[in-house]
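Working notes for the structure below.
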Amino acid sequence: MSILAVGSIAFDSIATPAGRAENVLGGSATYFSLAASYFTDVRVVAVVGEDFTAENEQVLTKRGVDTRGIEHAKGKTFRWGGQYLENLNEAKTDFTDLNVFENFQPRIPAEYRDSQFLFLGNIHPSLQAAVRHEMDGVQLTGGDTMNFWIQGSRKELMETLKLVNVLLINDGEAKMLAGEKNLPRAAQKVLSLGPQALVIKHGEYGATIFFREGAFGIGRHPFRAPALPIEEVKDPTGAGDSFAGGFMGYIASQEQLNREVLKRALFYGGVMGSFAVERFGTERMQSLTREEIEARFQVFRELTHLE
Ligand code: AMP
């Protein structure tokens, strides 16, 4: 099985209580693809500028990620600056320089068209919708967004939500999107906008999956997975996208989609998110092994199982 991922490729400037990093490779598509690459084949559609080097691209190709869908445009790569000095669970954005994203028209290589899974990473909702419309044959579409688009491009986002099967966002984003402070009520409201399932990430406290009545034939009661307690969080950037990569990657590696698979996917999402935060940028995501991933999955099971 293969996943087509569209999203941002970025140079991030990050400040956290553990230090700073300037212009390090990041972006939603980068973190997602690296995380998902441990489970299944991944193909990327994104845009970069002239400052994106062959070494930058090798970070993805070394993990077997198909980068033929990355467009090299004139100008600078997308740049994002943020800090987590007060709250490790929520980024405070310092700047968002769209650069080459301003004129980006996603083009999907012919070789990508047979992808069974699609992930619409965090970019302008109109770009997400354009890709979804071209990929009519996919079995399942996952999607992400953030406050920047919820506030700035709400109308376009509403259209995109109708095209997404599973939306993955954090608590604050869910509440903002729904205009509702109570989480279960916010979840039901978001589900009424299109998705059949909604994964709400609670930062260091784990994640909950909510289902629309009748979705996937598995009943509507939610399921929550904790997060592994990590003693040293260096850089939370990319935790959400790495979570999504583990979640979607695991689903794509399974033959069926049922409640048990979705529950385990939530755990694998947590495993990948927990690795991402241990180092600045994508460093930890580049050099994991399947054994390390399975060992941490077992620690997660141990954390929650009553026999
Ligand atoms: P997260 O996994 O939620 O921490 O997402 C982190 C990544 O999102 C960073 O590497 C940023 O480059 C990227 N990002 C931040 N803001 C935006 C935006 N408005 N559009 C696309 N990507 C963004």
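Labels for the structure tokens follow display order: chains A, B, ..., residues from 1 in each chain, ligands from 1.
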DSSP strand (DSSP E) residues within stretch 3-199 of chain A, listed as a VMD selection string: chain A and resid 3 to 6 10 to 16 19 to 26 41 to 48 66 to 72 78 to 83 92 to 97 117 to 120 140 to 143 166 to 170 197 to 199
Step by step, measure atom-to-atom distances between ligand 1 and each residue using only C-alpha atoms and all ligand atoms, keep those at most 9 Å, then write them as a compact mmCIF listing (two decimals) with all heavy atoms, in the first residue's frame.
```
# COMPACT_ATOMS: atom_id res chain seq x y z
N GLY A 7 1.82 18.57 1.56
CA GLY A 7 1.96 19.43 2.74
C GLY A 7 3.11 20.38 2.55
O GLY A 7 3.61 20.55 1.43
N SER A 8 3.54 20.98 3.65
CA SER A 8 4.62 21.94 3.54
C SER A 8 5.98 21.26 3.71
O SER A 8 6.11 20.28 4.44
CB SER A 8 4.47 23.05 4.59
OG SER A 8 4.40 22.52 5.90
N ILE A 9 6.97 21.80 2.97
CA ILE A 9 8.38 21.50 3.27
C ILE A 9 8.93 22.86 3.67
O ILE A 9 8.68 23.86 2.98
CB ILE A 9 9.11 20.92 2.05
CG1 ILE A 9 8.54 19.52 1.75
CG2 ILE A 9 10.61 20.86 2.31
CD1 ILE A 9 9.21 18.81 0.58
N ALA A 10 9.60 22.91 4.80
CA ALA A 10 9.91 24.22 5.39
C ALA A 10 11.32 24.28 5.93
O ALA A 10 11.96 23.25 6.16
CB ALA A 10 8.95 24.48 6.54
N PHE A 11 11.78 25.53 6.14
CA PHE A 11 12.93 25.75 7.00
C PHE A 11 12.38 26.44 8.25
O PHE A 11 11.78 27.51 8.15
CB PHE A 11 14.00 26.58 6.30
CG PHE A 11 14.69 25.82 5.20
CD1 PHE A 11 14.68 26.27 3.89
CD2 PHE A 11 15.35 24.62 5.49
CE1 PHE A 11 15.31 25.55 2.88
CE2 PHE A 11 15.99 23.89 4.48
CZ PHE A 11 15.96 24.36 3.18
N ASP A 12 12.54 25.77 9.38
CA ASP A 12 11.95 26.24 10.64
C ASP A 12 13.00 26.90 11.53
O ASP A 12 14.15 26.43 11.61
CB ASP A 12 11.38 25.05 11.43
CG ASP A 12 10.15 24.42 10.78
OD1 ASP A 12 9.49 25.09 9.96
OD2 ASP A 12 9.84 23.26 11.12
N SER A 13 12.58 27.95 12.23
CA SER A 13 13.42 28.55 13.28
C SER A 13 12.65 28.41 14.59
O SER A 13 11.55 28.96 14.72
CB SER A 13 13.71 30.01 12.97
OG SER A 13 14.50 30.06 11.81
N VAL A 24 16.15 24.98 10.22
CA VAL A 24 16.31 23.53 10.10
C VAL A 24 15.17 22.97 9.24
O VAL A 24 14.07 23.52 9.22
CB VAL A 24 16.35 22.81 11.47
CG1 VAL A 24 17.64 23.11 12.19
CG2 VAL A 24 15.14 23.17 12.33
N LEU A 25 15.46 21.88 8.56
CA LEU A 25 14.45 21.26 7.70
C LEU A 25 13.24 20.82 8.52
O LEU A 25 13.39 20.16 9.55
CB LEU A 25 15.07 20.06 6.97
CG LEU A 25 14.14 19.31 6.02
CD1 LEU A 25 13.74 20.19 4.84
CD2 LEU A 25 14.80 18.03 5.53
N GLY A 26 12.07 21.22 8.06
CA GLY A 26 10.83 20.82 8.75
C GLY A 26 9.69 20.87 7.76
O GLY A 26 9.90 20.67 6.56
N GLY A 27 8.51 21.14 8.26
CA GLY A 27 7.32 21.19 7.41
C GLY A 27 6.45 19.97 7.64
O GLY A 27 6.93 18.90 8.02
N SER A 28 5.16 20.15 7.38
CA SER A 28 4.21 19.07 7.67
C SER A 28 4.49 17.84 6.82
O SER A 28 4.45 16.71 7.31
CB SER A 28 2.78 19.56 7.48
OG SER A 28 2.59 20.09 6.19
N ALA A 29 4.78 18.03 5.53
CA ALA A 29 5.01 16.88 4.66
C ALA A 29 6.28 16.14 5.04
O ALA A 29 6.36 14.91 4.94
CB ALA A 29 5.09 17.33 3.20
N THR A 30 7.29 16.87 5.50
CA THR A 30 8.57 16.26 5.85
C THR A 30 8.40 15.33 7.05
O THR A 30 8.77 14.15 7.00
CB THR A 30 9.61 17.36 6.18
OG1 THR A 30 9.58 18.31 5.12
CG2 THR A 30 10.99 16.79 6.36
N TYR A 31 7.84 15.86 8.14
CA TYR A 31 7.66 15.03 9.34
C TYR A 31 6.72 13.86 9.06
O TYR A 31 6.97 12.72 9.47
CB TYR A 31 7.10 15.86 10.50
CG TYR A 31 8.13 16.73 11.17
CD1 TYR A 31 8.18 18.11 10.95
CD2 TYR A 31 9.07 16.18 12.04
CE1 TYR A 31 9.12 18.91 11.57
CE2 TYR A 31 10.02 16.97 12.67
CZ TYR A 31 10.04 18.34 12.43
OH TYR A 31 10.98 19.12 13.05
N PHE A 32 5.63 14.15 8.36
CA PHE A 32 4.66 13.08 8.08
C PHE A 32 5.32 11.95 7.29
O PHE A 32 5.20 10.78 7.64
CB PHE A 32 3.45 13.62 7.28
CG PHE A 32 2.47 12.54 6.92
CD1 PHE A 32 1.43 12.22 7.77
CD2 PHE A 32 2.63 11.78 5.76
CE1 PHE A 32 0.55 11.18 7.47
CE2 PHE A 32 1.76 10.74 5.45
CZ PHE A 32 0.71 10.45 6.30
N PHE A 78 9.31 27.82 1.86
CA PHE A 78 8.45 28.24 2.98
C PHE A 78 9.28 28.30 4.27
O PHE A 78 10.13 27.44 4.51
CB PHE A 78 7.33 27.19 3.11
CG PHE A 78 6.43 27.34 4.30
CD1 PHE A 78 5.49 28.36 4.34
CD2 PHE A 78 6.50 26.46 5.37
CE1 PHE A 78 4.64 28.50 5.43
CE2 PHE A 78 5.65 26.59 6.46
CZ PHE A 78 4.72 27.62 6.49
N ARG A 79 9.03 29.34 5.07
CA ARG A 79 9.73 29.44 6.36
C ARG A 79 8.74 29.68 7.48
O ARG A 79 7.78 30.45 7.32
CB ARG A 79 10.73 30.60 6.33
CG ARG A 79 12.08 30.14 5.83
CD ARG A 79 12.95 31.28 5.38
NE ARG A 79 13.79 30.79 4.31
CZ ARG A 79 15.02 30.33 4.48
NH1 ARG A 79 15.57 30.33 5.66
NH2 ARG A 79 15.70 29.86 3.45
N TRP A 80 8.97 29.00 8.58
CA TRP A 80 8.11 29.16 9.75
C TRP A 80 8.99 29.35 10.98
O TRP A 80 10.04 28.71 11.11
CB TRP A 80 7.22 27.92 9.93
CG TRP A 80 6.36 27.97 11.15
CD1 TRP A 80 5.20 28.69 11.30
CD2 TRP A 80 6.56 27.28 12.39
NE1 TRP A 80 4.68 28.48 12.56
CE2 TRP A 80 5.50 27.63 13.26
CE3 TRP A 80 7.55 26.40 12.86
CZ2 TRP A 80 5.39 27.13 14.55
CZ3 TRP A 80 7.44 25.91 14.16
CH2 TRP A 80 6.36 26.28 14.98
N GLY A 81 8.58 30.30 11.83
CA GLY A 81 9.30 30.49 13.08
C GLY A 81 8.32 30.37 14.24
O GLY A 81 7.20 30.89 14.17
N GLY A 82 8.72 29.65 15.28
CA GLY A 82 7.82 29.49 16.41
C GLY A 82 8.56 29.20 17.69
O GLY A 82 9.76 28.88 17.68
N GLU A 90 1.83 23.79 22.91
CA GLU A 90 1.28 24.66 21.88
C GLU A 90 2.33 25.64 21.36
O GLU A 90 2.95 26.37 22.14
CB GLU A 90 0.10 25.43 22.44
CG GLU A 90 -0.99 25.61 21.40
CD GLU A 90 -2.32 25.97 22.06
OE1 GLU A 90 -2.70 25.30 23.04
OE2 GLU A 90 -2.91 26.95 21.62
N ALA A 91 2.51 25.64 20.04
CA ALA A 91 3.49 26.55 19.44
C ALA A 91 2.92 27.96 19.38
O ALA A 91 1.75 28.16 19.09
CB ALA A 91 3.82 26.08 18.02
N THR A 93 3.41 31.04 17.10
CA THR A 93 4.04 31.35 15.82
C THR A 93 4.67 32.74 15.85
O THR A 93 4.02 33.71 16.24
CB THR A 93 2.99 31.27 14.69
OG1 THR A 93 2.55 29.92 14.56
CG2 THR A 93 3.57 31.72 13.36
N PHE A 95 6.58 33.84 12.94
CA PHE A 95 6.34 34.30 11.56
C PHE A 95 6.00 33.11 10.66
O PHE A 95 6.36 31.97 10.95
CB PHE A 95 7.57 35.05 11.00
CG PHE A 95 8.82 34.21 10.92
CD1 PHE A 95 9.09 33.41 9.82
CD2 PHE A 95 9.75 34.23 11.97
CE1 PHE A 95 10.24 32.64 9.75
CE2 PHE A 95 10.90 33.46 11.92
CZ PHE A 95 11.14 32.66 10.81
N THR A 96 5.26 33.41 9.59
CA THR A 96 4.94 32.43 8.57
C THR A 96 5.23 33.10 7.23
O THR A 96 4.52 34.01 6.84
CB THR A 96 3.44 32.04 8.63
OG1 THR A 96 3.15 31.50 9.93
CG2 THR A 96 3.08 31.00 7.59
N ASP A 97 6.30 32.69 6.55
CA ASP A 97 6.62 33.25 5.23
C ASP A 97 6.28 32.21 4.18
O ASP A 97 7.04 31.25 3.99
CB ASP A 97 8.13 33.58 5.13
CG ASP A 97 8.53 34.69 6.10
OD1 ASP A 97 7.64 35.45 6.53
OD2 ASP A 97 9.74 34.77 6.42
N LEU A 98 5.18 32.41 3.50
CA LEU A 98 4.72 31.39 2.54
C LEU A 98 5.69 31.21 1.38
O LEU A 98 5.85 30.11 0.86
CB LEU A 98 3.33 31.75 2.02
CG LEU A 98 2.20 31.68 3.05
CD1 LEU A 98 0.89 32.13 2.43
CD2 LEU A 98 2.05 30.27 3.62
N GLY A 121 -1.68 17.20 4.41
CA GLY A 121 -0.96 17.85 5.51
C GLY A 121 -1.31 19.32 5.58
O GLY A 121 -2.01 19.86 4.70
N ASN A 122 -0.77 19.95 6.60
CA ASN A 122 -1.10 21.33 6.90
C ASN A 122 -0.55 22.30 5.84
O ASN A 122 0.63 22.63 5.85
CB ASN A 122 -0.48 21.61 8.29
CG ASN A 122 -0.76 23.00 8.75
OD1 ASN A 122 -1.73 23.64 8.34
ND2 ASN A 122 0.10 23.49 9.63
N ILE A 123 -1.43 22.70 4.92
CA ILE A 123 -1.14 23.78 3.96
C ILE A 123 -2.46 24.49 3.69
O ILE A 123 -3.49 24.14 4.30
CB ILE A 123 -0.56 23.28 2.60
CG1 ILE A 123 -1.34 22.08 2.07
CG2 ILE A 123 0.92 23.04 2.68
CD1 ILE A 123 -1.00 21.73 0.62
N HIS A 124 -2.49 25.43 2.78
CA HIS A 124 -3.73 26.15 2.48
C HIS A 124 -4.83 25.15 2.10
O HIS A 124 -4.62 24.28 1.25
CB HIS A 124 -3.51 27.14 1.33
CG HIS A 124 -4.65 28.12 1.20
ND1 HIS A 124 -5.90 27.73 0.79
CD2 HIS A 124 -4.72 29.43 1.47
CE1 HIS A 124 -6.70 28.78 0.80
NE2 HIS A 124 -6.01 29.83 1.22
N ASP A 144 -5.15 17.40 8.06
CA ASP A 144 -4.70 18.18 9.21
C ASP A 144 -4.93 19.65 8.85
O ASP A 144 -5.09 20.00 7.68
CB ASP A 144 -3.19 17.92 9.40
CG ASP A 144 -2.60 18.61 10.62
OD1 ASP A 144 -3.36 19.10 11.48
OD2 ASP A 144 -1.35 18.66 10.71
N THR A 145 -4.98 20.51 9.86
CA THR A 145 -4.99 21.93 9.60
C THR A 145 -4.50 22.62 10.87
O THR A 145 -4.07 21.95 11.81
CB THR A 145 -6.39 22.43 9.18
OG1 THR A 145 -6.28 23.78 8.72
CG2 THR A 145 -7.41 22.34 10.31
N MET A 146 -4.53 23.94 10.93
CA MET A 146 -4.09 24.63 12.15
C MET A 146 -4.79 25.99 12.27
O MET A 146 -5.48 26.42 11.34
CB MET A 146 -2.57 24.80 12.15
CG MET A 146 -2.08 25.81 11.14
SD MET A 146 -0.29 25.98 11.11
CE MET A 146 0.04 26.81 12.66
N ASN A 147 -4.57 26.65 13.42
CA ASN A 147 -5.25 27.93 13.67
C ASN A 147 -5.04 28.96 12.55
O ASN A 147 -5.96 29.70 12.22
CB ASN A 147 -4.84 28.50 15.04
CG ASN A 147 -3.34 28.43 15.27
OD1 ASN A 147 -2.58 28.18 14.34
ND2 ASN A 147 -2.92 28.63 16.51
N PHE A 148 -3.85 28.96 11.94
CA PHE A 148 -3.55 29.90 10.86
C PHE A 148 -4.61 29.83 9.76
O PHE A 148 -5.06 30.85 9.24
CB PHE A 148 -2.16 29.55 10.29
CG PHE A 148 -1.62 30.54 9.29
CD1 PHE A 148 -1.03 31.71 9.71
CD2 PHE A 148 -1.68 30.26 7.92
CE1 PHE A 148 -0.51 32.61 8.78
CE2 PHE A 148 -1.15 31.15 6.99
CZ PHE A 148 -0.57 32.33 7.42
N TRP A 149 -5.04 28.62 9.40
CA TRP A 149 -6.04 28.44 8.33
C TRP A 149 -7.45 28.50 8.89
O TRP A 149 -8.37 28.94 8.20
CB TRP A 149 -5.81 27.11 7.60
CG TRP A 149 -4.40 26.91 7.14
CD1 TRP A 149 -3.52 25.96 7.58
CD2 TRP A 149 -3.67 27.69 6.18
NE1 TRP A 149 -2.31 26.09 6.96
CE2 TRP A 149 -2.37 27.14 6.10
CE3 TRP A 149 -3.99 28.80 5.38
CZ2 TRP A 149 -1.39 27.67 5.26
CZ3 TRP A 149 -3.01 29.32 4.55
CH2 TRP A 149 -1.74 28.76 4.49
N ILE A 169 -6.37 16.88 14.50
CA ILE A 169 -6.03 18.24 14.96
C ILE A 169 -5.82 18.22 16.48
O ILE A 169 -6.10 17.21 17.12
CB ILE A 169 -7.12 19.28 14.57
CG1 ILE A 169 -8.51 18.81 14.99
CG2 ILE A 169 -7.08 19.59 13.09
CD1 ILE A 169 -9.63 19.78 14.62
N ASN A 170 -5.36 19.34 17.06
CA ASN A 170 -5.19 19.32 18.51
C ASN A 170 -6.40 19.96 19.21
O ASN A 170 -7.27 20.54 18.55
CB ASN A 170 -3.84 19.91 18.93
CG ASN A 170 -3.73 21.39 18.59
OD1 ASN A 170 -4.72 22.11 18.62
ND2 ASN A 170 -2.53 21.84 18.29
N PRO A 236 9.06 20.25 20.46
CA PRO A 236 7.77 19.65 20.10
C PRO A 236 7.41 19.80 18.62
O PRO A 236 6.45 19.18 18.16
CB PRO A 236 6.75 20.42 20.94
CG PRO A 236 7.54 21.19 21.94
CD PRO A 236 8.90 21.40 21.35
N THR A 237 8.16 20.58 17.84
CA THR A 237 7.82 20.78 16.43
C THR A 237 7.76 19.44 15.70
O THR A 237 8.67 18.63 15.81
CB THR A 237 8.86 21.67 15.71
OG1 THR A 237 9.12 22.80 16.53
CG2 THR A 237 8.37 22.10 14.35
N GLY A 238 6.68 19.25 14.96
CA GLY A 238 6.58 18.03 14.16
C GLY A 238 5.94 16.87 14.89
O GLY A 238 5.70 15.82 14.28
N ALA A 239 5.64 17.04 16.19
CA ALA A 239 5.02 15.94 16.92
C ALA A 239 3.68 15.57 16.28
O ALA A 239 3.38 14.39 16.09
CB ALA A 239 4.81 16.32 18.38
N GLY A 240 2.90 16.59 15.91
CA GLY A 240 1.58 16.34 15.33
C GLY A 240 1.67 15.64 13.99
O GLY A 240 0.92 14.69 13.71
N ASP A 241 2.59 16.06 13.15
CA ASP A 241 2.72 15.45 11.82
C ASP A 241 3.33 14.06 11.92
O ASP A 241 2.98 13.16 11.14
CB ASP A 241 3.59 16.33 10.92
CG ASP A 241 2.93 17.67 10.70
OD1 ASP A 241 1.78 17.69 10.28
OD2 ASP A 241 3.56 18.69 11.00
N SER A 242 4.24 13.87 12.87
CA SER A 242 4.83 12.54 13.05
C SER A 242 3.77 11.60 13.61
O SER A 242 3.71 10.42 13.23
CB SER A 242 6.02 12.61 14.01
OG SER A 242 6.95 13.55 13.53
N PHE A 243 2.91 12.13 14.49
CA PHE A 243 1.78 11.34 14.99
C PHE A 243 0.93 10.91 13.80
O PHE A 243 0.59 9.72 13.65
CB PHE A 243 0.94 12.20 15.95
CG PHE A 243 -0.23 11.47 16.55
CD1 PHE A 243 -0.18 11.02 17.86
CD2 PHE A 243 -1.38 11.22 15.81
CE1 PHE A 243 -1.25 10.33 18.42
CE2 PHE A 243 -2.46 10.54 16.36
CZ PHE A 243 -2.39 10.09 17.66
N ALA A 244 0.60 11.86 12.93
CA ALA A 244 -0.25 11.55 11.76
C ALA A 244 0.44 10.53 10.86
O ALA A 244 -0.21 9.63 10.32
CB ALA A 244 -0.55 12.83 10.99
N GLY A 273 5.12 10.36 17.53
CA GLY A 273 5.14 11.71 18.10
C GLY A 273 6.15 11.79 19.24
O GLY A 273 6.90 12.77 19.37
N GLY A 281 14.28 19.43 15.34
CA GLY A 281 14.04 19.17 13.93
C GLY A 281 13.70 17.71 13.66
O GLY A 281 13.10 17.03 14.50
N THR A 282 14.14 17.22 12.50
CA THR A 282 13.76 15.86 12.08
C THR A 282 14.79 14.81 12.48
O THR A 282 14.67 13.65 12.09
CB THR A 282 13.63 15.80 10.53
OG1 THR A 282 14.87 16.21 9.96
CG2 THR A 282 12.51 16.69 10.03
```
Selection near stretch 174-185 of chain A, 12 Å with only C-alpha atoms, sequence-local residues under 4 positions removed, as number ranges by chain: A: 144-155, 157-158, 161, 167-170, 189-193, 198-202, 208-212, 220-223
Spatial neighbours of A:Lys92, max dist 9 Å, only C-alpha atoms, sep filter under 3 positions, as a ChimeraX atom specification: /A:81-87
Take the selection from the previous step and output its residues with N, CA, C and O atoms, as a short mmCIF file (atom, residue, chain, number, x, y, z; two decimals), in the first residue's frame.
```
data_model
loop_
_atom_site.label_atom_id
_atom_site.label_comp_id
_atom_site.auth_asym_id
_atom_site.auth_seq_id
_atom_site.Cartn_x
_atom_site.Cartn_y
_atom_site.Cartn_z
N GLY A 81 8.58 30.30 11.83
CA GLY A 81 9.30 30.49 13.08
C GLY A 81 8.32 30.37 14.24
O GLY A 81 7.20 30.89 14.17
N GLY A 82 8.72 29.65 15.28
CA GLY A 82 7.82 29.49 16.41
C GLY A 82 8.56 29.20 17.69
O GLY A 82 9.76 28.88 17.68
N GLN A 83 7.84 29.34 18.81
CA GLN A 83 8.46 29.06 20.10
C GLN A 83 7.49 28.35 21.03
O GLN A 83 6.27 28.43 20.86
N TYR A 84 8.07 27.64 21.97
CA TYR A 84 7.28 26.85 22.93
C TYR A 84 7.76 27.21 24.33
O TYR A 84 7.89 26.35 25.18
N LEU A 85 8.06 28.49 24.55
CA LEU A 85 8.72 28.83 25.81
C LEU A 85 7.77 28.74 27.00
O LEU A 85 8.18 28.39 28.09
N GLU A 86 6.49 29.04 26.77
CA GLU A 86 5.57 28.98 27.91
C GLU A 86 4.82 27.67 28.04
O GLU A 86 4.51 27.22 29.11
N ASN A 87 4.52 27.07 26.89
CA ASN A 87 3.71 25.86 26.92
C ASN A 87 4.24 24.91 25.85
O ASN A 87 4.16 25.18 24.66
#
```
Backbone-only DSSP, alpha helix (DSSP H) members of stretch 44-147 of chain A, as a PyMOL selection string: chain A and resi 54-61+125-134+147
Distance query A:Glu292 at most 12 Å, only C-alpha atoms, self and fewer than 6 positions along chain excluded, as a count of residues only: 10
Counting only C-alpha atoms, the residue of A:Ser33, A:Lys76, A:Leu257, A:Gln196 that sits nearest A:Phe101: A:Lys76
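Taking only C-alpha atoms, the non-local environment of A:Arg290 within 9 Å (same-chain residues fewer than 4 positions away omitted) comprises A:Tyr38, A:Phe39, A:Glu294, A:Ala295.
Excluding A:Glu71 and any residue on its chain fewer than 6 positions from it, the residues at most 8 Å away by only C-alpha atoms are A:Val45, A:Ala46, A:Val47, A:Val48.
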Requested write-out: C-alpha atoms of the selected residues, as a PDB file, in the first residue's frame:
```pdb
ATOM      1  CA  VAL A  45       3.721  16.415  -3.371  1.00  0.00           C
ATOM      2  CA  ALA A  46       5.121  19.765  -2.195  1.00  0.00           C
ATOM      3  CA  VAL A  47       7.037  22.804  -3.364  1.00  0.00           C
ATOM      4  CA  VAL A  48      10.510  24.037  -2.412  1.00  0.00           C
TER       5      VAL A  48
END
```
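Minimum atom-to-atom distance to A:Gln128, evaluated using only C-alpha atoms, belongs to A:Ala5 out of A:Gly64, A:Leu266, A:Ala5, A:Asn23.
Each of A:Ala35, A:Leu88, A:Leu303, A:Val44 was compared to A:Thr16 using only C-alpha atoms, and A:Leu88 turns out to be the nearest.
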Interatomic distance, atom CA of A:Met135 to atom CA of A:Gln256 (Å, one decimal): 20.6 Å
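Separating atom CA of A:Met1 from atom CA of A:Gln116 is a distance of 6.4 Å.
When only C-alpha atoms are used to compute distances to A:Ser287, the closest of the residues A:Ser37, A:Gln254, A:Gln105, A:Thr160 turns out to be A:Ser37.
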